[in-house]
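Down below is the structure, laid out as structure tokens.
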Amino acid sequence: MIRVLFVCLGNICRSPMAEAVFRHLVKQEGLDHVISVDSAGTGNWHIGKPPHHGTQRMLTEKQIDFTGLKARQVTKEDFHTFDYIIGMDSDNIAHLRRLVGDDCRAVIARFMDFVPNRRVDDVPDPYFTGNFEEVYELVEEGCKHILERVKRDHSL
């Protein structure tokens, strides 16, 4: 099983949106028996909570299932169980690198680095900006490129 983890600050806006969109794409391609998807936050403020209502609204509007998504905090074990740990912005990546040190089997990468000719480097946090539409557009585009990379890396 190929395991992909999306990480943002609180795990209620960007990373659960990416988890739901990526899971949707994986299922559409018939790869849900090969690729597993999860999300987590670097902080612990929202553990156990569902996605933010703005994320829920966007996913519902796009008919993407988010049933059962609950916020959790990234753990040291994640660095040994996931193949890809994808941070939604540079701060998330810095936090992940501090947490793991050199003890990691996963590819740690910034979400937008998978997008060629990207117009931004970081996915903005809609918890602060309120712009869930822009975030959804970035997440949808990025997830398509990430899936292509995973398929290429694993000859799927």
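Ordering of the structure tokens sets the chain letters (A, B, ...), residue numbers begin anew at 1 in every chain, and ligands are numbered from 1 in the order given.
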Non-local contacts of Phe111 of chain A (6 Å; only C-alpha atoms; under 6 positions in same chain excluded) as a VMD selection string: chain A and resid 86 to 88
Using the selection just defined, write its residues with N, CA, C and O atoms as an mmCIF file, in the first residue's frame.
```cif
data_model
loop_
_atom_site.group_PDB
_atom_site.id
_atom_site.type_symbol
_atom_site.label_atom_id
_atom_site.label_comp_id
_atom_site.auth_asym_id
_atom_site.auth_seq_id
_atom_site.Cartn_x
_atom_site.Cartn_y
_atom_site.Cartn_z
ATOM 1 N N ILE A 86 3.097 15.485 2.785
ATOM 2 C CA ILE A 86 3.020 16.684 1.963
ATOM 3 C C ILE A 86 2.467 17.835 2.793
ATOM 4 O O ILE A 86 1.302 17.821 3.196
ATOM 5 N N GLY A 87 3.318 18.820 3.043
ATOM 6 C CA GLY A 87 2.928 19.998 3.805
ATOM 7 C C GLY A 87 2.303 21.043 2.895
ATOM 8 O O GLY A 87 2.760 21.254 1.774
ATOM 9 N N MET A 88 1.280 21.700 3.381
ATOM 10 C CA MET A 88 0.542 22.657 2.565
ATOM 11 C C MET A 88 1.271 23.996 2.417
ATOM 12 O O MET A 88 0.968 24.754 1.504
#
```
Residues flagged alpha helix (DSSP H) by DSSP in segment 15-145 of chain A, as a ChimeraX atom specification: /A:15-28,53-61,78-81,90-100,126-129,132-145
Length of the atom CA of Asp65 of chain A to atom CA of Lys27 of chain A vector [Å]: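 Interatomic distance here is 11.1 Å.
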From A:Phe6, A:Glu133, A:Asp103, A:Gly142, residue lying nearest Asp121 of chain A [only C-alpha atoms]: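 So, comparing all the options, the nearest one is A:Gly142.
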Atom CA of Asp89 of chain A to atom CA of Val4 of chain A, distance in Å rounded to a single decimal: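 Pair atom CA of Asp89 of chain A / atom CA of Val4 of chain A returns 16.2 Å.
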In segment 6-87 of chain A, DSSP strand (DSSP E) residues written as a PyMOL selection string: chain A and resi 6-8+35-41+84-87
Keeping only N, CA, C and O atoms, write those residues as an mmCIF file, in the first residue's frame.
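Output (selection08.cif):
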```cif
data_model
loop_
_atom_site.group_PDB
_atom_site.id
_atom_site.type_symbol
_atom_site.label_atom_id
_atom_site.label_comp_id
_atom_site.auth_asym_id
_atom_site.auth_seq_id
_atom_site.Cartn_x
_atom_site.Cartn_y
_atom_site.Cartn_z
ATOM 1 N N PHE A 6 -1.334 14.359 4.007
ATOM 2 C CA PHE A 6 -1.344 15.803 3.808
ATOM 3 C C PHE A 6 -1.330 16.477 5.180
ATOM 4 O O PHE A 6 -2.065 16.061 6.072
ATOM 5 N N VAL A 7 -0.515 17.525 5.323
ATOM 6 C CA VAL A 7 -0.350 18.179 6.622
ATOM 7 C C VAL A 7 -0.513 19.692 6.483
ATOM 8 O O VAL A 7 0.073 20.312 5.587
ATOM 9 N N CYS A 8 -1.319 20.264 7.383
ATOM 10 C CA CYS A 8 -1.419 21.717 7.503
ATOM 11 C C CYS A 8 -1.323 22.069 8.985
ATOM 12 O O CYS A 8 -0.909 21.238 9.792
ATOM 13 N N ILE A 35 -3.539 2.879 -3.029
ATOM 14 C CA ILE A 35 -3.125 4.145 -2.426
ATOM 15 C C ILE A 35 -4.036 4.481 -1.255
ATOM 16 O O ILE A 35 -5.255 4.523 -1.397
ATOM 17 N N SER A 36 -3.431 4.746 -0.105
ATOM 18 C CA SER A 36 -4.140 5.137 1.106
ATOM 19 C C SER A 36 -3.851 6.611 1.385
ATOM 20 O O SER A 36 -2.730 7.076 1.172
ATOM 21 N N VAL A 37 -4.856 7.348 1.863
ATOM 22 C CA VAL A 37 -4.726 8.794 2.058
ATOM 23 C C VAL A 37 -5.168 9.170 3.471
ATOM 24 O O VAL A 37 -6.141 8.636 3.986
ATOM 25 N N ASP A 38 -4.455 10.129 4.072
ATOM 26 C CA ASP A 38 -4.799 10.628 5.394
ATOM 27 C C ASP A 38 -4.380 12.092 5.462
ATOM 28 O O ASP A 38 -3.750 12.615 4.535
ATOM 29 N N SER A 39 -4.729 12.749 6.556
ATOM 30 C CA SER A 39 -4.283 14.121 6.794
ATOM 31 C C SER A 39 -4.063 14.314 8.285
ATOM 32 O O SER A 39 -4.591 13.567 9.105
ATOM 33 N N ALA A 40 -3.272 15.343 8.601
ATOM 34 C CA ALA A 40 -2.956 15.643 9.998
ATOM 35 C C ALA A 40 -2.558 17.108 10.101
ATOM 36 O O ALA A 40 -2.284 17.763 9.096
ATOM 37 N N GLY A 41 -2.505 17.601 11.328
ATOM 38 C CA GLY A 41 -2.073 18.970 11.578
ATOM 39 C C GLY A 41 -0.809 18.985 12.402
ATOM 40 O O GLY A 41 -0.516 18.035 13.135
ATOM 41 N N TYR A 84 4.698 9.424 1.453
ATOM 42 C CA TYR A 84 4.728 10.846 1.109
ATOM 43 C C TYR A 84 4.063 11.626 2.239
ATOM 44 O O TYR A 84 2.938 11.314 2.619
ATOM 45 N N ILE A 85 4.763 12.632 2.754
ATOM 46 C CA ILE A 85 4.181 13.556 3.728
ATOM 47 C C ILE A 85 4.266 14.931 3.081
ATOM 48 O O ILE A 85 5.361 15.443 2.827
ATOM 49 N N ILE A 86 3.097 15.485 2.785
ATOM 50 C CA ILE A 86 3.020 16.684 1.963
ATOM 51 C C ILE A 86 2.467 17.835 2.793
ATOM 52 O O ILE A 86 1.302 17.821 3.196
ATOM 53 N N GLY A 87 3.318 18.820 3.043
ATOM 54 C CA GLY A 87 2.928 19.998 3.805
ATOM 55 C C GLY A 87 2.303 21.043 2.895
ATOM 56 O O GLY A 87 2.760 21.254 1.774
#
```
Near-segment 16-21 of chain A list (6 Å; only C-alpha atoms; drop same-chain fewer than 2 positions) as an MDAnalysis selection string: chainID A and resid 14 23:24 38:39 66 139
Counting only C-alpha atoms, the option among A:Lys62, A:Lys70, A:Arg3, A:Arg149 closest to Phe114 of chain A: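 Among A:Lys62, A:Lys70, A:Arg3, A:Arg149, it is A:Arg149 that comes nearest to Phe114 of chain A.
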